[in-house]
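Worksheet for the structure shown next.
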Amino acid sequence: MKNDGATEKLVAGFSKKSKAEKIAWISEQFSQPEQAKALLDTYAHPDSLRQSAHDDFIENAVSNFYLPLGVAPNFIINGKMLTIPMAIEESSVVAAASNAAKFWADKGGFTAQVLDTEKAGHVHFIYEGDTAKLHAFFAAHKSRLLQATEPITKNMRARGGGITRLELIDKSDLISGYFQLDVRFDTQDSMGANFINSCLEQLATSFKEFVAQHTSFSEKEKDVEVVMSILSNYVPNCLVTAAVSCSVDKLLPSPEESKLFAEKFVQAVRIAEVESFRAVTHNKGIMNGVDAVIIASGNDFRAVAAGVHAYAAESGKYRSLSKAEIKEGVFHFSLTLPLAIGTVGGLTKLHPMVRWCHELMGMPDAKSLMEIIAVAGLAQNFAAVKSLVTTGIQQGHMKMHLLNILNQQGATKQEKAAAITHFKTQQVSYHAVTDLLQKLRS
Ligand code: MEV
């Protein structure tokens, strides 16, 4: 491949440099180094202790990258009132969640329920030998393997969790000699990634050791190759469901409007159940709510997104995660999704804003947080589909987007107020806002 001297620009030992040296080096990559450095400094926390806590999260930290933290009040979940914290950059999401919360508050609110909390991980290995011998060996040594993990699982077991299942799975129909140790876990209130991976690595080491000691295996059979040991973010048995329902005629002010709305809403969800182009966008709307709470609560949004989308494709076709129906005059709307999250450990201890968000939610345990996140997803989905089948999405979006455009154009407080009044009756577009600002300024 052509190399325009790129390798000569390699920076040696970057991670060993001090933070100031890193900032100086990276600023020099900009056409205006002073300005680039000043911006990094502006976004650094003025309290050096707080800043160093952030710096310790990752390698090569040079500043902070802000996301707005919003709150969506008026959520009634299983009869209790809650304000949900949401960290997100997309302008309409918090407003939509708040609207949905208020909409359902006088119709009984949301119900939510955790269905299961099982997590999974695997030791993936290659064994090119007699399958029956391997199964016999596993049956004879399973409890020894579990014993080898006991020092790691001790604290988790004391909290009521631990390894719940260990199986040998033959996957050699997929790849020659491919087997798994399939391990299931209960990680209580922690997401459990470190715990699961530590258990798996210990199982892999002990497995290889016990195989090597086993006299009935040939030398070739003893040569088990552990390819990797890792948790799975596919968690179809770590499920939560959230739901709303009310009499169809109570949905909107007039019974006629309500009936039409309910029918169109159900049709829209059905389309997302059978049509992948729509399903992906429909589920993206759900993830607007889910991710915002996942981030605010200090959880891993990449892990959750990977698991949720795999679950949506579980049938072999990517489908809507939510369902809607009208049954005996009652509108039902619900969502089931897999969520491997935690309320202890990780960022929950380290990030003061994460802690603040947990306090706002009443210090939920992992199951309660799963319920809150599912409700945020359902509320978001309801708000999006409601807009789509009534006014269209752009009306609400552009109103929120108006503020972003005004900020981009450096609008003053007075200009913003004038623009908000003006666009109450006019369609928002980038050009329309620019024109108005020009008029106001001339
Ligand atoms: C935009 O962020 C999300 C929506 O596209 C979701 C949907 O179409 O259901 C509005």
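Chain labels follow the order of the structure tokens: the first chain is A, the next B, and so on; residue numbering restarts at 1 in every chain, and ligands are counted from 1 in their shown order.
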
List every residue of region 204-439 of chain A that DSSP, applied to the backbone, labels as strand (DSSP E or B), and write the result as number ranges by chain.
A: 225-232, 239-247, 322-327, 330-338

Nearby polymer residues, ligand 1, at most 10 Å, only C-alpha atoms and all ligand atoms, as an MDAnalysis selection string
chainID A and resid 90:93 96 268:269 272 278:289 380:388 392:394 397

Residues of the last selection are to be written out with C-alpha atoms, as a PDB file, in the first residue's frame.
ATOM      1  CA  GLU A  90     -30.414  14.964  20.181  1.00  0.00           C
ATOM      2  CA  SER A  91     -32.637  18.003  20.670  1.00  0.00           C
ATOM      3  CA  SER A  92     -36.121  16.476  20.774  1.00  0.00           C
ATOM      4  CA  VAL A  93     -35.532  13.386  22.925  1.00  0.00           C
ATOM      5  CA  ALA A  96     -40.575  13.737  23.751  1.00  0.00           C
ATOM      6  CA  ALA A 268     -47.364   1.729  12.254  1.00  0.00           C
ATOM      7  CA  VAL A 269     -46.023  -0.728  14.827  1.00  0.00           C
ATOM      8  CA  ALA A 272     -42.085  -2.127  12.008  1.00  0.00           C
ATOM      9  CA  ARG A 278     -38.843   0.695   9.205  1.00  0.00           C
ATOM     10  CA  ALA A 279     -37.945  -1.634  12.104  1.00  0.00           C
ATOM     11  CA  VAL A 280     -34.408  -0.252  12.347  1.00  0.00           C
ATOM     12  CA  THR A 281     -35.634   3.359  12.591  1.00  0.00           C
ATOM     13  CA  HIS A 282     -38.467   2.377  14.926  1.00  0.00           C
ATOM     14  CA  ASN A 283     -35.956   0.680  17.238  1.00  0.00           C
ATOM     15  CA  LYS A 284     -33.569   3.634  16.908  1.00  0.00           C
ATOM     16  CA  GLY A 285     -36.360   5.732  18.422  1.00  0.00           C
ATOM     17  CA  ILE A 286     -36.545   3.259  21.336  1.00  0.00           C
ATOM     18  CA  MET A 287     -32.764   3.484  21.756  1.00  0.00           C
ATOM     19  CA  ASN A 288     -33.007   7.294  21.953  1.00  0.00           C
ATOM     20  CA  GLY A 289     -34.628   6.795  25.342  1.00  0.00           C
ATOM     21  CA  GLN A 380     -39.665   7.552  23.455  1.00  0.00           C
ATOM     22  CA  ASN A 381     -41.130   5.067  20.996  1.00  0.00           C
ATOM     23  CA  PHE A 382     -44.664   6.163  21.866  1.00  0.00           C
ATOM     24  CA  ALA A 383     -43.814   9.833  21.367  1.00  0.00           C
ATOM     25  CA  ALA A 384     -42.093   9.182  18.027  1.00  0.00           C
ATOM     26  CA  VAL A 385     -44.829   6.968  16.562  1.00  0.00           C
ATOM     27  CA  LYS A 386     -47.532   9.338  17.879  1.00  0.00           C
ATOM     28  CA  SER A 387     -45.894  12.229  16.010  1.00  0.00           C
ATOM     29  CA  LEU A 388     -45.337  10.129  12.910  1.00  0.00           C
ATOM     30  CA  GLY A 392     -45.316  14.170  11.262  1.00  0.00           C
ATOM     31  CA  ILE A 393     -41.946  14.252  12.980  1.00  0.00           C
ATOM     32  CA  GLN A 394     -40.528  17.455  11.558  1.00  0.00           C
ATOM     33  CA  HIS A 397     -38.006  18.273  15.670  1.00  0.00           C
TER      34      HIS A 397
END

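Between CA of Asp182 (chain A) and CA of Ala374 (chain A) the interatomic distance comes to 27.6 Å.
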
Secondary structure check, alpha helix (DSSP H) residues of region 168-291 of chain A, as a PyMOL selection string
chain A and resi 193-213+219-222+255-274+276-291

If you count only C-alpha atoms, which residues fall within 12 Å of Ser258 (chain A), apart from same-chain ones fewer than 2 positions away, as a PDB file with N, CA, C and O atoms, in the first residue's frame?
ATOM      1  N   CYS A 246     -54.685   1.779  27.843  1.00  0.00           N
ATOM      2  CA  CYS A 246     -55.862   2.522  28.297  1.00  0.00           C
ATOM      3  C   CYS A 246     -56.980   2.322  27.278  1.00  0.00           C
ATOM      4  O   CYS A 246     -56.729   1.896  26.144  1.00  0.00           O
ATOM      5  N   SER A 247     -58.165   2.627  27.721  1.00  0.00           N
ATOM      6  CA  SER A 247     -59.330   2.510  26.849  1.00  0.00           C
ATOM      7  C   SER A 247     -59.095   3.373  25.601  1.00  0.00           C
ATOM      8  O   SER A 247     -58.643   4.517  25.713  1.00  0.00           O
ATOM      9  N   VAL A 248     -59.362   2.821  24.435  1.00  0.00           N
ATOM     10  CA  VAL A 248     -59.082   3.546  23.182  1.00  0.00           C
ATOM     11  C   VAL A 248     -59.697   4.950  23.201  1.00  0.00           C
ATOM     12  O   VAL A 248     -59.035   5.927  22.836  1.00  0.00           O
ATOM     13  N   ASP A 249     -60.927   5.066  23.687  1.00  0.00           N
ATOM     14  CA  ASP A 249     -61.585   6.384  23.599  1.00  0.00           C
ATOM     15  C   ASP A 249     -61.019   7.439  24.549  1.00  0.00           C
ATOM     16  O   ASP A 249     -61.378   8.606  24.489  1.00  0.00           O
ATOM     17  N   LYS A 250     -60.082   7.011  25.420  1.00  0.00           N
ATOM     18  CA  LYS A 250     -59.447   7.984  26.343  1.00  0.00           C
ATOM     19  C   LYS A 250     -58.120   8.523  25.781  1.00  0.00           C
ATOM     20  O   LYS A 250     -57.469   9.365  26.396  1.00  0.00           O
ATOM     21  N   LEU A 251     -57.721   8.022  24.624  1.00  0.00           N
ATOM     22  CA  LEU A 251     -56.388   8.385  24.125  1.00  0.00           C
ATOM     23  C   LEU A 251     -56.274   9.854  23.744  1.00  0.00           C
ATOM     24  O   LEU A 251     -55.297  10.517  24.052  1.00  0.00           O
ATOM     25  N   LEU A 252     -57.284  10.355  23.029  1.00  0.00           N
ATOM     26  CA  LEU A 252     -57.240  11.753  22.590  1.00  0.00           C
ATOM     27  C   LEU A 252     -58.545  12.428  23.014  1.00  0.00           C
ATOM     28  O   LEU A 252     -59.497  11.745  23.412  1.00  0.00           O
ATOM     29  N   PRO A 253     -58.631  13.764  22.913  1.00  0.00           N
ATOM     30  CA  PRO A 253     -59.833  14.436  23.423  1.00  0.00           C
ATOM     31  C   PRO A 253     -61.153  13.898  22.849  1.00  0.00           C
ATOM     32  O   PRO A 253     -62.124  13.719  23.574  1.00  0.00           O
ATOM     33  N   SER A 254     -61.222  13.611  21.530  1.00  0.00           N
ATOM     34  CA  SER A 254     -62.509  13.118  21.014  1.00  0.00           C
ATOM     35  C   SER A 254     -62.429  11.621  20.703  1.00  0.00           C
ATOM     36  O   SER A 254     -61.395  11.134  20.242  1.00  0.00           O
ATOM     37  N   PRO A 255     -63.533  10.879  20.940  1.00  0.00           N
ATOM     38  CA  PRO A 255     -63.530   9.428  20.698  1.00  0.00           C
ATOM     39  C   PRO A 255     -63.207   9.089  19.233  1.00  0.00           C
ATOM     40  O   PRO A 255     -62.520   8.106  18.969  1.00  0.00           O
ATOM     41  N   GLU A 256     -63.682   9.915  18.288  1.00  0.00           N
ATOM     42  CA  GLU A 256     -63.424   9.617  16.859  1.00  0.00           C
ATOM     43  C   GLU A 256     -61.927   9.709  16.567  1.00  0.00           C
ATOM     44  O   GLU A 256     -61.343   8.838  15.935  1.00  0.00           O
ATOM     45  N   LEU A 260     -59.219   6.597  15.460  1.00  0.00           N
ATOM     46  CA  LEU A 260     -58.383   6.714  14.268  1.00  0.00           C
ATOM     47  C   LEU A 260     -56.896   6.649  14.648  1.00  0.00           C
ATOM     48  O   LEU A 260     -56.098   5.952  14.020  1.00  0.00           O
ATOM     49  N   PHE A 261     -56.566   7.384  15.719  1.00  0.00           N
ATOM     50  CA  PHE A 261     -55.173   7.426  16.186  1.00  0.00           C
ATOM     51  C   PHE A 261     -54.699   6.028  16.596  1.00  0.00           C
ATOM     52  O   PHE A 261     -53.635   5.562  16.177  1.00  0.00           O
ATOM     53  N   ALA A 262     -55.526   5.348  17.404  1.00  0.00           N
ATOM     54  CA  ALA A 262     -55.125   4.018  17.911  1.00  0.00           C
ATOM     55  C   ALA A 262     -54.905   3.058  16.746  1.00  0.00           C
ATOM     56  O   ALA A 262     -53.914   2.314  16.717  1.00  0.00           O
ATOM     57  N   GLU A 263     -55.807   3.109  15.771  1.00  0.00           N
ATOM     58  CA  GLU A 263     -55.693   2.173  14.638  1.00  0.00           C
ATOM     59  C   GLU A 263     -54.432   2.453  13.810  1.00  0.00           C
ATOM     60  O   GLU A 263     -53.721   1.542  13.403  1.00  0.00           O
ATOM     61  N   LYS A 264     -54.187   3.757  13.595  1.00  0.00           N
ATOM     62  CA  LYS A 264     -53.015   4.121  12.796  1.00  0.00           C
ATOM     63  C   LYS A 264     -51.722   3.762  13.546  1.00  0.00           C
ATOM     64  O   LYS A 264     -50.742   3.315  12.958  1.00  0.00           O
ATOM     65  N   PHE A 265     -51.757   3.965  14.856  1.00  0.00           N
ATOM     66  CA  PHE A 265     -50.582   3.656  15.698  1.00  0.00           C
ATOM     67  C   PHE A 265     -50.264   2.157  15.608  1.00  0.00           C
ATOM     68  O   PHE A 265     -49.126   1.759  15.377  1.00  0.00           O
ATOM     69  N   ILE A 326     -55.077  -3.437  19.734  1.00  0.00           N
ATOM     70  CA  ILE A 326     -56.334  -2.988  20.346  1.00  0.00           C
ATOM     71  C   ILE A 326     -57.127  -4.260  20.629  1.00  0.00           C
ATOM     72  O   ILE A 326     -57.346  -5.069  19.719  1.00  0.00           O
ATOM     73  N   GLY A 329     -61.537  -2.949  22.898  1.00  0.00           N
ATOM     74  CA  GLY A 329     -61.638  -1.504  23.135  1.00  0.00           C
ATOM     75  C   GLY A 329     -60.492  -0.905  23.938  1.00  0.00           C
ATOM     76  O   GLY A 329     -60.529   0.266  24.312  1.00  0.00           O
ATOM     77  N   VAL A 330     -59.483  -1.719  24.235  1.00  0.00           N
ATOM     78  CA  VAL A 330     -58.343  -1.207  25.022  1.00  0.00           C
ATOM     79  C   VAL A 330     -57.084  -1.190  24.135  1.00  0.00           C
ATOM     80  O   VAL A 330     -56.796  -2.166  23.430  1.00  0.00           O
ATOM     81  N   PHE A 331     -56.380  -0.055  24.195  1.00  0.00           N
ATOM     82  CA  PHE A 331     -55.120   0.100  23.455  1.00  0.00           C
ATOM     83  C   PHE A 331     -53.987  -0.406  24.339  1.00  0.00           C
ATOM     84  O   PHE A 331     -53.844   0.014  25.485  1.00  0.00           O
ATOM     85  N   LYS A 386     -46.377   8.425  17.771  1.00  0.00           N
ATOM     86  CA  LYS A 386     -47.532   9.338  17.879  1.00  0.00           C
ATOM     87  C   LYS A 386     -47.339  10.516  16.910  1.00  0.00           C
ATOM     88  O   LYS A 386     -48.250  10.870  16.163  1.00  0.00           O
ATOM     89  N   THR A 390     -49.494  11.352  13.313  1.00  0.00           N
ATOM     90  CA  THR A 390     -50.382  12.525  13.430  1.00  0.00           C
ATOM     91  C   THR A 390     -49.774  13.715  12.682  1.00  0.00           C
ATOM     92  O   THR A 390     -49.956  13.849  11.480  1.00  0.00           O
TER      93      THR A 390
END

Please report as a Markdown table every residue of region 206-289 of chain A lying within 12 Å of region 170-180 of chain A, along with the nearest atom pair and their distance in Å (one decimal), using only C-alpha atoms.
| residue | atom | partner | partner_atom | distance |
| --- | --- | --- | --- | --- |
| A:Phe207 | CA | A:Gln180 | CA | 11.3 |
| A:Glu221 | CA | A:Gly177 | CA | 10.7 |
| A:Asp223 | CA | A:Gly177 | CA | 11.7 |
| A:Val224 | CA | A:Gly177 | CA | 9.6 |
| A:Glu225 | CA | A:Tyr178 | CA | 9.6 |
| A:Val226 | CA | A:Gln180 | CA | 9.4 |
| A:Val227 | CA | A:Tyr178 | CA | 9.5 |
| A:Met228 | CA | A:Gln180 | CA | 9.9 |
| A:Ser229 | CA | A:Gln180 | CA | 9.4 |
| A:Ile230 | CA | A:Gln180 | CA | 11.0 |

Take the residues from that selection and put them in a file with N, CA, C and O atoms, as a tab-separated table (two decimals), in the first residue's frame.
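Produced file again_24.tsv, reproduced below:
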chain	number	residue	atom	x	y	z
A	207	PHE	N	-9.31	-25.71	32.68
A	207	PHE	CA	-9.75	-26.70	31.70
A	207	PHE	C	-8.54	-27.28	30.97
A	207	PHE	O	-8.36	-28.50	30.87
A	221	GLU	N	-5.10	-35.12	21.57
A	221	GLU	CA	-6.34	-34.68	22.24
A	221	GLU	C	-6.05	-33.71	23.38
A	221	GLU	O	-6.86	-32.85	23.70
A	223	ASP	N	-3.96	-31.48	23.26
A	223	ASP	CA	-3.55	-30.20	22.70
A	223	ASP	C	-4.77	-29.30	22.40
A	223	ASP	O	-5.00	-28.87	21.27
A	224	VAL	N	-5.57	-29.07	23.45
A	224	VAL	CA	-6.75	-28.21	23.30
A	224	VAL	C	-6.29	-26.77	23.05
A	224	VAL	O	-5.42	-26.27	23.76
A	225	GLU	N	-6.87	-26.14	22.04
A	225	GLU	CA	-6.50	-24.74	21.77
A	225	GLU	C	-7.63	-23.81	22.24
A	225	GLU	O	-8.72	-23.80	21.67
A	226	VAL	N	-7.37	-23.09	23.33
A	226	VAL	CA	-8.36	-22.10	23.78
A	226	VAL	C	-8.21	-20.88	22.86
A	226	VAL	O	-7.16	-20.24	22.83
A	227	VAL	N	-9.25	-20.58	22.10
A	227	VAL	CA	-9.17	-19.45	21.16
A	227	VAL	C	-9.42	-18.15	21.92
A	227	VAL	O	-8.70	-17.17	21.76
A	228	MET	N	-10.44	-18.13	22.76
A	228	MET	CA	-10.71	-16.93	23.58
A	228	MET	C	-11.74	-17.26	24.66
A	228	MET	O	-12.49	-18.23	24.56
A	229	SER	N	-11.73	-16.39	25.68
A	229	SER	CA	-12.67	-16.54	26.79
A	229	SER	C	-13.29	-15.17	27.00
A	229	SER	O	-12.58	-14.23	27.38
A	230	ILE	N	-14.59	-15.05	26.77
A	230	ILE	CA	-15.18	-13.70	26.82
A	230	ILE	C	-16.70	-13.78	27.06
A	230	ILE	O	-17.35	-14.69	26.58

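Taking only C-alpha atoms into account, Val94 (chain A) lies nearest to A:Gly377 out of the set A:Asp4, A:Leu360, A:Tyr43, A:Gly377.
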
List as a PyMOL selection string the protein and nucleic acid residues near Ala132 (chain A), meaning an atom at most 12 Å away when only C-alpha atoms are counted, but skip any in the same chain fewer than 5 places from it.
chain A and resi 127+137-139+168+170+216-217+221

For the residues in that selection, give me all heavy atoms as a compact mmCIF listing (two decimals), in the first residue's frame.
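The new file selection05.txt reads:
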# COMPACT_ATOMS: atom_id res chain seq x y z
N TYR A 127 -10.92 -28.64 19.81
CA TYR A 127 -10.51 -29.98 20.27
C TYR A 127 -10.70 -30.92 19.08
O TYR A 127 -11.83 -31.12 18.63
CB TYR A 127 -11.40 -30.38 21.46
CG TYR A 127 -11.33 -31.85 21.82
CD1 TYR A 127 -10.31 -32.35 22.63
CD2 TYR A 127 -12.32 -32.74 21.37
CE1 TYR A 127 -10.27 -33.70 22.97
CE2 TYR A 127 -12.29 -34.09 21.72
CZ TYR A 127 -11.26 -34.55 22.50
OH TYR A 127 -11.22 -35.89 22.85
N PHE A 137 -15.03 -36.65 29.96
CA PHE A 137 -14.08 -35.87 30.77
C PHE A 137 -14.81 -34.68 31.43
O PHE A 137 -14.65 -34.42 32.61
CB PHE A 137 -12.94 -35.36 29.87
CG PHE A 137 -12.17 -34.23 30.49
CD1 PHE A 137 -11.15 -34.47 31.40
CD2 PHE A 137 -12.49 -32.91 30.18
CE1 PHE A 137 -10.47 -33.43 32.00
CE2 PHE A 137 -11.81 -31.85 30.77
CZ PHE A 137 -10.80 -32.12 31.68
N PHE A 138 -15.63 -33.98 30.63
CA PHE A 138 -16.31 -32.79 31.16
C PHE A 138 -17.25 -33.18 32.31
O PHE A 138 -17.26 -32.53 33.36
CB PHE A 138 -17.09 -32.09 30.04
CG PHE A 138 -17.84 -30.89 30.53
CD1 PHE A 138 -17.16 -29.70 30.83
CD2 PHE A 138 -19.21 -30.94 30.74
CE1 PHE A 138 -17.83 -28.60 31.31
CE2 PHE A 138 -19.90 -29.83 31.23
CZ PHE A 138 -19.21 -28.66 31.51
N ALA A 139 -18.01 -34.27 32.10
CA ALA A 139 -18.95 -34.70 33.16
C ALA A 139 -18.18 -35.02 34.44
O ALA A 139 -18.61 -34.66 35.54
CB ALA A 139 -19.74 -35.91 32.68
N LEU A 168 -20.88 -28.06 28.40
CA LEU A 168 -19.99 -28.24 27.25
C LEU A 168 -20.87 -28.29 26.00
O LEU A 168 -21.82 -29.07 25.95
CB LEU A 168 -19.22 -29.56 27.40
CG LEU A 168 -18.40 -29.97 26.18
CD1 LEU A 168 -17.20 -29.05 25.98
CD2 LEU A 168 -17.93 -31.43 26.33
N ASP A 170 -21.06 -28.71 21.84
CA ASP A 170 -20.37 -29.14 20.62
C ASP A 170 -20.83 -28.25 19.46
O ASP A 170 -22.00 -28.25 19.10
CB ASP A 170 -20.76 -30.61 20.34
CG ASP A 170 -19.99 -31.18 19.16
OD1 ASP A 170 -19.42 -30.40 18.37
OD2 ASP A 170 -19.98 -32.43 19.03
N SER A 216 -6.56 -40.56 29.81
CA SER A 216 -7.21 -41.24 28.67
C SER A 216 -7.13 -40.43 27.36
O SER A 216 -7.47 -40.93 26.31
CB SER A 216 -8.66 -41.59 29.01
OG SER A 216 -9.44 -40.43 28.97
N PHE A 217 -6.70 -39.18 27.43
CA PHE A 217 -6.55 -38.39 26.20
C PHE A 217 -5.20 -38.72 25.54
O PHE A 217 -4.18 -38.87 26.23
CB PHE A 217 -6.57 -36.88 26.49
CG PHE A 217 -7.95 -36.32 26.75
CD1 PHE A 217 -8.17 -35.42 27.79
CD2 PHE A 217 -9.02 -36.65 25.93
CE1 PHE A 217 -9.43 -34.87 28.02
CE2 PHE A 217 -10.28 -36.11 26.16
CZ PHE A 217 -10.48 -35.24 27.21
N GLU A 221 -5.10 -35.12 21.57
CA GLU A 221 -6.34 -34.68 22.24
C GLU A 221 -6.05 -33.71 23.38
O GLU A 221 -6.86 -32.85 23.70
CB GLU A 221 -7.13 -35.90 22.74
CG GLU A 221 -7.82 -36.64 21.61
CD GLU A 221 -8.38 -38.00 22.03
OE1 GLU A 221 -7.83 -38.62 22.97
OE2 GLU A 221 -9.33 -38.45 21.40
